[in-house]
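Colleague: So that we are looking at the same thing, I have put the structure below in structure tokens.
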Amino acid sequence: MALACGHTPDHSTIAAFVSSVDKEIETLFTKVLLICEEEDLLGGTHFSLDGLKLSSNASKEWSGTFSDLKKKKEALERKLKEAIREHRSSDKEEKDKSDSDEVKREKRIKRLKKKADRIEKFLSNNEPKIGSRGKEIQSNVTDNESAKLTSSHGVLQGYNANAIVDEKNQIVLHASAFGKGEDGTLMEPMLDGAKENLEAIGWKAPLKDRKISADTGYYSVKNLEVCKQREVDAYVPDPQFRKRDVRFSDAGRHRRSVDKRHIRYKSKKRWFRANDFHLDDCTGKLICPAGQALYVKNRNFQTADGYKAIAYQAPKTACRDCPLRSQCLRNPNTVSRQVHVFYGKRPGSLTDEMKQKIDMPEGSRTYSKRLGIVEPVFGNIRACKRMDRFTLRGRIKVNIQWMLYCLVHNIEKIINFGKSYSIAAV
Ligand code: SF4
């Protein structure tokens with residue numbers, strides 16, 4: 001409205017404007033960051049990285065693997081044929097014919113045809129999406145760059161909007177939206193983006209030895225390697241770090257008795273563990289308690305912690321009628337048992353180093369600041385600026401939208417806390 005001299009442009013005008021600034025937005029973001037620097041708003045001691053999962057302008061009902069989408073298309077075509085048959089038979093029976101029924105049937109036929117054609121067009125113009133584990137992941141017919149994400153608000157179709165924030169005044173140093181839920185590989189683009197922006201405003205070696213904190217979602221070998229390469233002082237805890245912290249030893253006292261996790265925790269049932277399976281030295285096969293041989297599924301399995309293992313799997317036919325099934329498979333729907341036999345850990349493991357660092361009083365004190373640095377930014381954007389979903393489609397446009405909101409957040413900080421503006425206000 002400010003740019004349009006007080007007019008209230010409609011959604012399509014705003015969408016066209018947002019899409020048109022894809023080249024200017026990064027320069028504009030850096031210029032605002034430069035003003036933050038001139039206004040003495042940047043501290044440069046501790047940066048925090050986090051992601052906000054927001055719905056996109058796409059429905060998760062239009063998601064699926066290519067085979068799911070083919071099935072959906074076939075189901076629509078079946079319904080379409082049925083609707084056409086009904087329509088023809090009603091044409092013949094003159095007595096039943098009423099105008100409103102006729103119009104309804106025609107509309108339904110058009111709708112079904114449109115939906116089936118849409119999936120057909122999508123399948124012929126796109127390739128299946130492959131995830132980080134090399135398997136096909138779900139595509140989306142409406143916005144194929146968005147992803148199905150699991151957030152604290154449930155499963156949504158959207159984008160993972162990331163921001164790296166400076167501690168002193170919660171200024172956003174770099175913002176970017178990604179069409180994937182896992183944060184395990186996002187440290188690299190986020191650190192590089194922040195470095196580029198800070199260099200553009202005149203900082204030398206902007207990330208070297210700076211404290212960078214991120215939550216357990218970012219804990220991965222890949223991210224820790226990136227932190228080491230960029231020579232940052234990273235604080236990224238593993239998901240079990242609270243269990244090792246004595247201050248959280250009685251954290252479970254607040255759990256309600258109806259808490260499912262609590263019930264599961266209380267369970268005395270013991271299932272077969274990896275050491276209940278034995279390795280046959282003659283054949284080299286892993287033998288289960290029922291005497292069945294498991295086959296090697298992956299000889300080079302590696303966990304996010306850097307542990308190496310051989311992954312074995314029991315044949316489906318062996319587990320199907322096994323009398324020991326209830327002692328072996330926790331979930332009755334699991335088809336067959338998998339066992340990982342660990343044999344080593346990479347020397348000088350980054351993950352071990354990080355665990356030790358986080359467990360030290362200094363490490364946990366530094367990490368505890370993360371919440372107060374980055375979460376208020378997301379709270380401001382989501383609750384005060386009402387950015388609770390992306391309204392545009394495609395990663396480029398969504399990214400611009402996210403950067404614009406972060407940019408407005410920074411402008412607000414300049415007005416509220418910038419030294420020239422504070423003096424003017426006085
Ligand atoms: S469920 Fe499968 S792996 Fe487990 S004991 Fe039975 S056959 Fe062996």
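Ordering of the structure tokens sets the chain letters (A, B, ...), residue numbers begin anew at 1 in every chain, and ligands are numbered from 1 in the order given.
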Would you list, as a list of chain:residue names, the residues of range 149-188 of chain A that end up in strand (DSSP E or B) under DSSP run on this structure's backbone?
Modeller: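 Strand (DSSP E or B) members of range 149-188 of chain A, listed: A:Leu149, A:Thr150, A:Ser151, A:Gly154, A:Val155, A:Leu156, A:Gln157, A:Gly158, A:Tyr159, A:Asn160, A:Ala161, A:Asn162, A:Ala163, A:Ile164, A:Val165, A:Asp166, A:Val172, A:Leu173, A:His174, A:Ala175, A:Ser176, A:Ala177, A:Phe178.
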Colleague: Using only C-alpha atoms and all ligand atoms, find each residue with an atom at most 12 Å away from ligand 1 and format the answer as a PyMOL selection string.
Modeller: chain A and resi 271-274+276-278+286-295+312-339
Colleague: Would you list the contacts of range 24-34 of chain A as a list of chain:residue names, taking every protein, DNA or RNA residue within 9 Å and counting only C-alpha atoms, but skipping same-chain residues closer than 3 positions in sequence?
Modeller: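 Residues meeting the cut-off are A:Ser20, A:Val21, A:Glu37, A:Glu38, A:Glu39, A:Leu42, A:Ile171, A:Val172, A:Leu173, A:His174, A:Asn197, A:Leu198, A:Ala200, A:Ile201, A:Gly202, A:Ile400, A:Met403, A:Leu404, A:Cys406, A:Leu407, A:Asn410, A:Ile411, A:Ile414.
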Colleague: Deliver the residues from the most recent selection as a file, using N, CA, C and O atoms, as a PDB file, in the first residue's frame.
Modeller:
```pdb
ATOM      1  N   SER A  20       7.832 -10.187  -9.658  1.00  0.00           N
ATOM      2  CA  SER A  20       8.676  -9.344 -10.520  1.00  0.00           C
ATOM      3  C   SER A  20       9.964  -8.894  -9.830  1.00  0.00           C
ATOM      4  O   SER A  20      10.846  -8.363 -10.477  1.00  0.00           O
ATOM      5  N   VAL A  21      10.092  -9.102  -8.524  1.00  0.00           N
ATOM      6  CA  VAL A  21      11.287  -8.570  -7.843  1.00  0.00           C
ATOM      7  C   VAL A  21      12.328  -9.652  -7.535  1.00  0.00           C
ATOM      8  O   VAL A  21      13.125  -9.510  -6.618  1.00  0.00           O
ATOM      9  N   GLU A  37      23.599  -2.489   9.995  1.00  0.00           N
ATOM     10  CA  GLU A  37      24.997  -2.389  10.440  1.00  0.00           C
ATOM     11  C   GLU A  37      25.330  -0.935  10.811  1.00  0.00           C
ATOM     12  O   GLU A  37      25.916  -0.669  11.859  1.00  0.00           O
ATOM     13  N   GLU A  38      24.902   0.021   9.953  1.00  0.00           N
ATOM     14  CA  GLU A  38      25.169   1.441  10.234  1.00  0.00           C
ATOM     15  C   GLU A  38      24.463   1.900  11.514  1.00  0.00           C
ATOM     16  O   GLU A  38      24.934   2.791  12.204  1.00  0.00           O
ATOM     17  N   GLU A  39      23.319   1.289  11.775  1.00  0.00           N
ATOM     18  CA  GLU A  39      22.543   1.657  12.970  1.00  0.00           C
ATOM     19  C   GLU A  39      23.010   0.907  14.217  1.00  0.00           C
ATOM     20  O   GLU A  39      22.338   0.927  15.250  1.00  0.00           O
ATOM     21  N   LEU A  42      23.870  -4.895  14.630  1.00  0.00           N
ATOM     22  CA  LEU A  42      24.433  -6.243  14.516  1.00  0.00           C
ATOM     23  C   LEU A  42      25.517  -6.466  15.572  1.00  0.00           C
ATOM     24  O   LEU A  42      26.361  -5.601  15.788  1.00  0.00           O
ATOM     25  N   ILE A 171      18.306  -9.573  14.207  1.00  0.00           N
ATOM     26  CA  ILE A 171      18.276  -9.182  12.791  1.00  0.00           C
ATOM     27  C   ILE A 171      18.482 -10.431  11.939  1.00  0.00           C
ATOM     28  O   ILE A 171      19.369 -11.234  12.228  1.00  0.00           O
ATOM     29  N   VAL A 172      17.654 -10.585  10.912  1.00  0.00           N
ATOM     30  CA  VAL A 172      17.792 -11.747  10.021  1.00  0.00           C
ATOM     31  C   VAL A 172      18.945 -11.470   9.049  1.00  0.00           C
ATOM     32  O   VAL A 172      18.942 -10.465   8.329  1.00  0.00           O
ATOM     33  N   LEU A 173      19.947 -12.370   9.040  1.00  0.00           N
ATOM     34  CA  LEU A 173      21.121 -12.174   8.185  1.00  0.00           C
ATOM     35  C   LEU A 173      20.932 -12.808   6.818  1.00  0.00           C
ATOM     36  O   LEU A 173      21.478 -12.347   5.825  1.00  0.00           O
ATOM     37  N   HIS A 174      20.195 -13.888   6.797  1.00  0.00           N
ATOM     38  CA  HIS A 174      19.908 -14.540   5.518  1.00  0.00           C
ATOM     39  C   HIS A 174      18.619 -15.332   5.671  1.00  0.00           C
ATOM     40  O   HIS A 174      18.385 -15.942   6.717  1.00  0.00           O
ATOM     41  N   ASN A 197      26.001 -12.261   2.331  1.00  0.00           N
ATOM     42  CA  ASN A 197      25.336 -11.012   2.730  1.00  0.00           C
ATOM     43  C   ASN A 197      26.228 -10.162   3.631  1.00  0.00           C
ATOM     44  O   ASN A 197      26.292  -8.940   3.486  1.00  0.00           O
ATOM     45  N   LEU A 198      26.914 -10.833   4.572  1.00  0.00           N
ATOM     46  CA  LEU A 198      27.760 -10.078   5.502  1.00  0.00           C
ATOM     47  C   LEU A 198      29.006  -9.530   4.797  1.00  0.00           C
ATOM     48  O   LEU A 198      29.464  -8.435   5.120  1.00  0.00           O
ATOM     49  N   ALA A 200      29.007  -8.631   1.738  1.00  0.00           N
ATOM     50  CA  ALA A 200      28.497  -7.513   0.920  1.00  0.00           C
ATOM     51  C   ALA A 200      28.383  -6.220   1.745  1.00  0.00           C
ATOM     52  O   ALA A 200      28.411  -5.122   1.185  1.00  0.00           O
ATOM     53  N   ILE A 201      28.234  -6.352   3.069  1.00  0.00           N
ATOM     54  CA  ILE A 201      28.149  -5.121   3.877  1.00  0.00           C
ATOM     55  C   ILE A 201      29.501  -4.788   4.524  1.00  0.00           C
ATOM     56  O   ILE A 201      29.593  -3.975   5.441  1.00  0.00           O
ATOM     57  N   GLY A 202      30.540  -5.473   4.063  1.00  0.00           N
ATOM     58  CA  GLY A 202      31.896  -5.083   4.459  1.00  0.00           C
ATOM     59  C   GLY A 202      32.542  -5.874   5.573  1.00  0.00           C
ATOM     60  O   GLY A 202      33.610  -5.511   6.038  1.00  0.00           O
ATOM     61  N   ILE A 400      10.894 -15.350  -2.455  1.00  0.00           N
ATOM     62  CA  ILE A 400      10.791 -13.875  -2.456  1.00  0.00           C
ATOM     63  C   ILE A 400       9.842 -13.434  -1.344  1.00  0.00           C
ATOM     64  O   ILE A 400      10.128 -12.502  -0.587  1.00  0.00           O
ATOM     65  N   MET A 403      11.568 -13.769   1.950  1.00  0.00           N
ATOM     66  CA  MET A 403      12.602 -12.735   2.126  1.00  0.00           C
ATOM     67  C   MET A 403      11.972 -11.369   2.401  1.00  0.00           C
ATOM     68  O   MET A 403      12.482 -10.589   3.204  1.00  0.00           O
ATOM     69  N   LEU A 404      10.849 -11.094   1.732  1.00  0.00           N
ATOM     70  CA  LEU A 404      10.169  -9.806   1.952  1.00  0.00           C
ATOM     71  C   LEU A 404       9.712  -9.674   3.405  1.00  0.00           C
ATOM     72  O   LEU A 404       9.855  -8.615   4.013  1.00  0.00           O
ATOM     73  N   CYS A 406      11.014 -11.232   6.009  1.00  0.00           N
ATOM     74  CA  CYS A 406      12.197 -11.089   6.871  1.00  0.00           C
ATOM     75  C   CYS A 406      12.761  -9.671   6.744  1.00  0.00           C
ATOM     76  O   CYS A 406      13.238  -9.095   7.729  1.00  0.00           O
ATOM     77  N   LEU A 407      12.678  -9.141   5.539  1.00  0.00           N
ATOM     78  CA  LEU A 407      13.167  -7.783   5.287  1.00  0.00           C
ATOM     79  C   LEU A 407      12.325  -6.753   6.067  1.00  0.00           C
ATOM     80  O   LEU A 407      12.866  -5.835   6.687  1.00  0.00           O
ATOM     81  N   ASN A 410      13.348  -6.779   9.598  1.00  0.00           N
ATOM     82  CA  ASN A 410      14.585  -6.018   9.825  1.00  0.00           C
ATOM     83  C   ASN A 410      14.317  -4.510   9.814  1.00  0.00           C
ATOM     84  O   ASN A 410      14.864  -3.765  10.631  1.00  0.00           O
ATOM     85  N   ILE A 411      13.442  -4.072   8.911  1.00  0.00           N
ATOM     86  CA  ILE A 411      13.108  -2.634   8.835  1.00  0.00           C
ATOM     87  C   ILE A 411      12.464  -2.187  10.157  1.00  0.00           C
ATOM     88  O   ILE A 411      12.761  -1.119  10.688  1.00  0.00           O
ATOM     89  N   ILE A 414      15.032  -1.625  12.667  1.00  0.00           N
ATOM     90  CA  ILE A 414      15.750  -0.353  12.455  1.00  0.00           C
ATOM     91  C   ILE A 414      14.938   0.787  13.072  1.00  0.00           C
ATOM     92  O   ILE A 414      15.467   1.632  13.796  1.00  0.00           O
TER      93      ILE A 414
END
```
Colleague: Distance CA of Ala175 in chain A-CA of Gln138 in chain A, one decimal place?
Modeller: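 CA of Gln138 in chain A lies at a distance of 25.4 Å from CA of Ala175 in chain A.
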Colleague: Neighbouring residues of Ala161 in chain A were defined as those with any atom within 8 Å, considering only C-alpha atoms; residues of the same chain fewer than 2 positions away were excluded. Please report them as an NGL selection string.
Modeller: :A and (51-54 or 159 or 163 or 175-178 or 399 or 402)
Colleague: Can you write just those residues out, N, CA, C and O atoms, as a PDB file, in the first residue's frame?
Modeller:
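Full text of result.pdb as output:
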```
ATOM      1  N   GLY A  51      14.256 -23.196  11.193  1.00  0.00           N
ATOM      2  CA  GLY A  51      13.323 -23.242  10.051  1.00  0.00           C
ATOM      3  C   GLY A  51      11.887 -23.207  10.530  1.00  0.00           C
ATOM      4  O   GLY A  51      11.559 -23.711  11.603  1.00  0.00           O
ATOM      5  N   LEU A  52      11.035 -22.599   9.712  1.00  0.00           N
ATOM      6  CA  LEU A  52       9.603 -22.507  10.013  1.00  0.00           C
ATOM      7  C   LEU A  52       8.871 -23.210   8.876  1.00  0.00           C
ATOM      8  O   LEU A  52       9.029 -22.826   7.712  1.00  0.00           O
ATOM      9  N   LYS A  53       8.105 -24.234   9.227  1.00  0.00           N
ATOM     10  CA  LYS A  53       7.405 -24.976   8.171  1.00  0.00           C
ATOM     11  C   LYS A  53       6.029 -24.362   7.948  1.00  0.00           C
ATOM     12  O   LYS A  53       5.215 -24.320   8.878  1.00  0.00           O
ATOM     13  N   LEU A  54       5.820 -23.841   6.761  1.00  0.00           N
ATOM     14  CA  LEU A  54       4.556 -23.157   6.454  1.00  0.00           C
ATOM     15  C   LEU A  54       3.873 -23.802   5.256  1.00  0.00           C
ATOM     16  O   LEU A  54       4.546 -24.237   4.314  1.00  0.00           O
ATOM     17  N   TYR A 159       6.543 -25.355   2.496  1.00  0.00           N
ATOM     18  CA  TYR A 159       7.974 -25.061   2.371  1.00  0.00           C
ATOM     19  C   TYR A 159       8.592 -24.919   3.758  1.00  0.00           C
ATOM     20  O   TYR A 159       7.910 -24.527   4.712  1.00  0.00           O
ATOM     21  N   ALA A 163      15.864 -19.218   8.438  1.00  0.00           N
ATOM     22  CA  ALA A 163      16.444 -17.886   8.665  1.00  0.00           C
ATOM     23  C   ALA A 163      17.615 -18.026   9.621  1.00  0.00           C
ATOM     24  O   ALA A 163      17.576 -18.844  10.545  1.00  0.00           O
ATOM     25  N   ALA A 175      17.788 -15.320   4.639  1.00  0.00           N
ATOM     26  CA  ALA A 175      16.525 -16.058   4.688  1.00  0.00           C
ATOM     27  C   ALA A 175      16.353 -16.805   3.379  1.00  0.00           C
ATOM     28  O   ALA A 175      16.664 -16.263   2.311  1.00  0.00           O
ATOM     29  N   SER A 176      15.886 -18.026   3.488  1.00  0.00           N
ATOM     30  CA  SER A 176      15.662 -18.803   2.272  1.00  0.00           C
ATOM     31  C   SER A 176      14.614 -19.882   2.538  1.00  0.00           C
ATOM     32  O   SER A 176      14.566 -20.448   3.629  1.00  0.00           O
ATOM     33  N   ALA A 177      13.776 -20.156   1.536  1.00  0.00           N
ATOM     34  CA  ALA A 177      12.747 -21.194   1.683  1.00  0.00           C
ATOM     35  C   ALA A 177      13.158 -22.403   0.853  1.00  0.00           C
ATOM     36  O   ALA A 177      13.655 -22.259  -0.269  1.00  0.00           O
ATOM     37  N   PHE A 178      12.973 -23.595   1.419  1.00  0.00           N
ATOM     38  CA  PHE A 178      13.366 -24.833   0.748  1.00  0.00           C
ATOM     39  C   PHE A 178      12.158 -25.761   0.636  1.00  0.00           C
ATOM     40  O   PHE A 178      11.350 -25.833   1.563  1.00  0.00           O
ATOM     41  N   ASN A 399      10.207 -18.030  -2.065  1.00  0.00           N
ATOM     42  CA  ASN A 399      11.431 -17.500  -1.470  1.00  0.00           C
ATOM     43  C   ASN A 399      11.394 -15.969  -1.397  1.00  0.00           C
ATOM     44  O   ASN A 399      11.767 -15.378  -0.384  1.00  0.00           O
ATOM     45  N   TRP A 402       9.098 -14.976   1.403  1.00  0.00           N
ATOM     46  CA  TRP A 402       9.735 -15.180   2.711  1.00  0.00           C
ATOM     47  C   TRP A 402      10.783 -14.095   2.977  1.00  0.00           C
ATOM     48  O   TRP A 402      10.858 -13.529   4.062  1.00  0.00           O
TER      49      TRP A 402
END
```
Colleague: Within 12 Å of Asp359 in chain A, counting only C-alpha atoms, which residues qualify if same-chain residues fewer than 3 places away don't, as a ChimeraX atom specification?
Modeller: /A:235-238,240-247,352-356,362-368
Colleague: Could you take the residues named above and write them with N, CA and C atoms, as a compact mmCIF listing (two decimals), in the first residue's frame?
Modeller:
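Printed below is part.txt as written:
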```txt
# COMPACT_ATOMS: atom_id res chain seq x y z
N TYR A 235 27.14 -25.15 17.56
CA TYR A 235 26.47 -25.81 18.69
C TYR A 235 25.19 -26.44 18.15
N VAL A 236 25.30 -27.71 17.76
CA VAL A 236 24.15 -28.42 17.19
C VAL A 236 24.01 -29.74 17.95
N PRO A 237 23.09 -29.82 18.90
CA PRO A 237 23.01 -31.03 19.72
C PRO A 237 22.34 -32.21 19.00
N ASP A 238 22.67 -33.40 19.48
CA ASP A 238 22.03 -34.61 18.96
C ASP A 238 20.66 -34.77 19.64
N GLN A 240 19.44 -36.87 21.55
CA GLN A 240 19.42 -37.48 22.89
C GLN A 240 20.05 -36.57 23.96
N PHE A 241 20.42 -35.35 23.61
CA PHE A 241 21.24 -34.56 24.54
C PHE A 241 20.51 -34.25 25.85
N ARG A 242 19.20 -34.11 25.81
CA ARG A 242 18.46 -33.83 27.05
C ARG A 242 18.53 -35.02 28.02
N LYS A 243 18.57 -36.22 27.45
CA LYS A 243 18.60 -37.42 28.31
C LYS A 243 19.90 -37.48 29.09
N ARG A 244 20.95 -36.87 28.55
CA ARG A 244 22.24 -36.91 29.25
C ARG A 244 22.38 -35.75 30.24
N ASP A 245 21.45 -34.81 30.17
CA ASP A 245 21.54 -33.60 31.01
C ASP A 245 20.83 -33.86 32.35
N VAL A 246 21.59 -33.77 33.45
CA VAL A 246 21.00 -34.07 34.77
C VAL A 246 19.85 -33.12 35.12
N ARG A 247 19.88 -31.93 34.55
CA ARG A 247 18.80 -30.96 34.87
C ARG A 247 17.44 -31.43 34.35
N ASP A 352 30.80 -37.17 17.81
CA ASP A 352 31.26 -37.36 19.19
C ASP A 352 31.78 -36.05 19.78
N GLU A 353 32.53 -35.33 18.95
CA GLU A 353 33.07 -34.03 19.40
C GLU A 353 31.93 -33.10 19.79
N MET A 354 30.88 -33.10 18.95
CA MET A 354 29.74 -32.21 19.20
C MET A 354 29.01 -32.60 20.49
N LYS A 355 28.87 -33.91 20.72
CA LYS A 355 28.19 -34.37 21.95
C LYS A 355 28.96 -33.88 23.17
N GLN A 356 30.28 -34.02 23.12
CA GLN A 356 31.10 -33.58 24.26
C GLN A 356 30.97 -32.07 24.48
N GLU A 362 29.62 -24.87 29.40
CA GLU A 362 29.72 -23.73 28.48
C GLU A 362 28.88 -23.98 27.22
N GLY A 363 28.96 -25.25 26.73
CA GLY A 363 28.22 -25.63 25.52
C GLY A 363 26.73 -25.54 25.74
N SER A 364 26.24 -26.08 26.85
CA SER A 364 24.79 -26.07 27.06
C SER A 364 24.31 -24.64 27.34
N ARG A 365 25.17 -23.80 27.95
CA ARG A 365 24.80 -22.39 28.20
C ARG A 365 24.66 -21.65 26.87
N THR A 366 25.62 -21.89 25.98
CA THR A 366 25.57 -21.21 24.67
C THR A 366 24.35 -21.69 23.88
N TYR A 367 24.12 -23.02 23.89
CA TYR A 367 23.00 -23.54 23.12
C TYR A 367 21.67 -23.03 23.65
N SER A 368 21.60 -22.84 25.00
CA SER A 368 20.32 -22.42 25.58
C SER A 368 19.89 -21.03 25.10
```
Colleague: Enumerate as a PDB file with N, CA, C and O atoms, in the first residue's frame all residues of range 175-215 of chain A assigned to helix (DSSP H, G or I) by DSSP on the backbone, naming them with the chain letters and numbers the document uses.
Modeller:
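This went into selection-v8.pdb:
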```pdb
ATOM      1  N   MET A 187      22.458 -26.578   6.345  1.00  0.00           N
ATOM      2  CA  MET A 187      23.462 -25.705   6.964  1.00  0.00           C
ATOM      3  C   MET A 187      24.314 -25.012   5.880  1.00  0.00           C
ATOM      4  O   MET A 187      24.603 -23.821   5.973  1.00  0.00           O
ATOM      5  N   GLU A 188      24.677 -25.763   4.860  1.00  0.00           N
ATOM      6  CA  GLU A 188      25.577 -25.228   3.830  1.00  0.00           C
ATOM      7  C   GLU A 188      24.965 -24.026   3.089  1.00  0.00           C
ATOM      8  O   GLU A 188      25.561 -22.939   3.095  1.00  0.00           O
ATOM      9  N   PRO A 189      23.767 -24.173   2.482  1.00  0.00           N
ATOM     10  CA  PRO A 189      23.225 -22.995   1.789  1.00  0.00           C
ATOM     11  C   PRO A 189      22.954 -21.818   2.723  1.00  0.00           C
ATOM     12  O   PRO A 189      23.130 -20.666   2.329  1.00  0.00           O
ATOM     13  N   MET A 190      22.579 -22.101   3.968  1.00  0.00           N
ATOM     14  CA  MET A 190      22.266 -21.012   4.885  1.00  0.00           C
ATOM     15  C   MET A 190      23.533 -20.282   5.338  1.00  0.00           C
ATOM     16  O   MET A 190      23.562 -19.045   5.363  1.00  0.00           O
ATOM     17  N   LEU A 191      24.583 -21.042   5.657  1.00  0.00           N
ATOM     18  CA  LEU A 191      25.830 -20.381   6.072  1.00  0.00           C
ATOM     19  C   LEU A 191      26.433 -19.603   4.907  1.00  0.00           C
ATOM     20  O   LEU A 191      26.910 -18.474   5.078  1.00  0.00           O
ATOM     21  N   ASP A 192      26.397 -20.212   3.719  1.00  0.00           N
ATOM     22  CA  ASP A 192      26.969 -19.521   2.553  1.00  0.00           C
ATOM     23  C   ASP A 192      26.196 -18.240   2.228  1.00  0.00           C
ATOM     24  O   ASP A 192      26.784 -17.222   1.877  1.00  0.00           O
ATOM     25  N   GLY A 193      24.865 -18.313   2.366  1.00  0.00           N
ATOM     26  CA  GLY A 193      24.042 -17.126   2.100  1.00  0.00           C
ATOM     27  C   GLY A 193      24.340 -16.015   3.094  1.00  0.00           C
ATOM     28  O   GLY A 193      24.481 -14.839   2.723  1.00  0.00           O
ATOM     29  N   ALA A 194      24.461 -16.391   4.388  1.00  0.00           N
ATOM     30  CA  ALA A 194      24.748 -15.390   5.428  1.00  0.00           C
ATOM     31  C   ALA A 194      26.133 -14.776   5.191  1.00  0.00           C
ATOM     32  O   ALA A 194      26.316 -13.565   5.331  1.00  0.00           O
ATOM     33  N   LYS A 195      27.084 -15.631   4.805  1.00  0.00           N
ATOM     34  CA  LYS A 195      28.462 -15.157   4.574  1.00  0.00           C
ATOM     35  C   LYS A 195      28.468 -14.132   3.428  1.00  0.00           C
ATOM     36  O   LYS A 195      29.064 -13.055   3.539  1.00  0.00           O
ATOM     37  N   GLU A 196      27.757 -14.477   2.360  1.00  0.00           N
ATOM     38  CA  GLU A 196      27.692 -13.583   1.192  1.00  0.00           C
ATOM     39  C   GLU A 196      27.091 -12.226   1.577  1.00  0.00           C
ATOM     40  O   GLU A 196      27.628 -11.173   1.223  1.00  0.00           O
ATOM     41  N   ASN A 197      26.001 -12.261   2.331  1.00  0.00           N
ATOM     42  CA  ASN A 197      25.336 -11.012   2.730  1.00  0.00           C
ATOM     43  C   ASN A 197      26.228 -10.162   3.631  1.00  0.00           C
ATOM     44  O   ASN A 197      26.292  -8.940   3.486  1.00  0.00           O
ATOM     45  N   LEU A 198      26.914 -10.833   4.572  1.00  0.00           N
ATOM     46  CA  LEU A 198      27.760 -10.078   5.502  1.00  0.00           C
ATOM     47  C   LEU A 198      29.006  -9.530   4.797  1.00  0.00           C
ATOM     48  O   LEU A 198      29.464  -8.435   5.120  1.00  0.00           O
ATOM     49  N   GLU A 199      29.531 -10.289   3.842  1.00  0.00           N
ATOM     50  CA  GLU A 199      30.676  -9.779   3.064  1.00  0.00           C
ATOM     51  C   GLU A 199      30.247  -8.564   2.239  1.00  0.00           C
ATOM     52  O   GLU A 199      31.006  -7.612   2.091  1.00  0.00           O
ATOM     53  N   ALA A 200      29.007  -8.631   1.738  1.00  0.00           N
ATOM     54  CA  ALA A 200      28.497  -7.513   0.920  1.00  0.00           C
ATOM     55  C   ALA A 200      28.383  -6.220   1.745  1.00  0.00           C
ATOM     56  O   ALA A 200      28.411  -5.122   1.185  1.00  0.00           O
TER      57      ALA A 200
END
```
Colleague: Given only C-alpha atoms as the basis, pick out the residue of A:Ser19, A:Ser213, A:Thr351, A:Thr45 nearest to Tyr307 in chain A.
Modeller: A:Thr351
Colleague: If you count only C-alpha atoms, which residues fall within 6 Å of range 370-385 of chain A, apart from same-chain ones fewer than 2 positions away, as a ChimeraX atom specification?
Modeller: /A:48,165,167,170,367-368,387-388
Colleague: Next, the residues of the selection above should be written as a tab-separated table (two decimals), in the first residue's frame with N, CA and C atoms.
Modeller:
```
chain	number	residue	atom	x	y	z
A	48	SER	N	21.95	-17.72	15.18
A	48	SER	CA	21.12	-18.92	15.33
A	48	SER	C	20.38	-19.21	14.04
A	165	VAL	N	19.84	-15.79	12.26
A	165	VAL	CA	19.52	-14.55	12.99
A	165	VAL	C	20.67	-14.18	13.93
A	167	GLU	N	22.32	-12.45	17.29
A	167	GLU	CA	21.84	-12.42	18.68
A	167	GLU	C	21.44	-11.02	19.19
A	170	GLN	N	18.15	-9.58	17.05
A	170	GLN	CA	17.36	-10.51	16.23
A	170	GLN	C	17.19	-10.02	14.79
A	367	TYR	N	24.12	-23.02	23.89
A	367	TYR	CA	23.00	-23.54	23.12
A	367	TYR	C	21.67	-23.03	23.65
A	368	SER	N	21.60	-22.84	25.00
A	368	SER	CA	20.32	-22.42	25.58
A	368	SER	C	19.89	-21.03	25.10
A	387	MET	N	1.90	-14.10	8.71
A	387	MET	CA	2.43	-14.90	7.60
A	387	MET	C	2.31	-16.36	8.01
A	388	ASP	N	1.09	-16.92	7.93
A	388	ASP	CA	0.96	-18.31	8.36
A	388	ASP	C	0.85	-19.28	7.20
```
Colleague: Compare A:Leu149, A:Ile84, A:Ala4, A:Leu49 by their minimum atom-to-atom distance to Tyr218 in chain A, counting only C-alpha atoms, and give me the closest one.
Modeller: A:Leu49
Colleague: Can you work out the spacing between CA of Lys222 in chain A and CA of Leu186 in chain A in Å, to one decimal?
Modeller: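 Value for the CA of Lys222 in chain A-CA of Leu186 in chain A distance: 9.2 Å.
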Colleague: So which one's closest to Asn298 in chain A, A:Gln229, A:Pro239, A:Val341, A:Asn275? Using only C-alpha atoms, please.
Modeller: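 Of A:Gln229, A:Pro239, A:Val341, A:Asn275, the one nearest Asn298 in chain A, counting only C-alpha atoms, is A:Val341.
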Colleague: Just checking: using only C-alpha atoms, which residue out of A:Asp215, A:Gly64, A:Leu112, A:Arg253 ends up closest to Lys79 in chain A?
Modeller: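 Under the stated criterion, the closest residue is A:Leu112.
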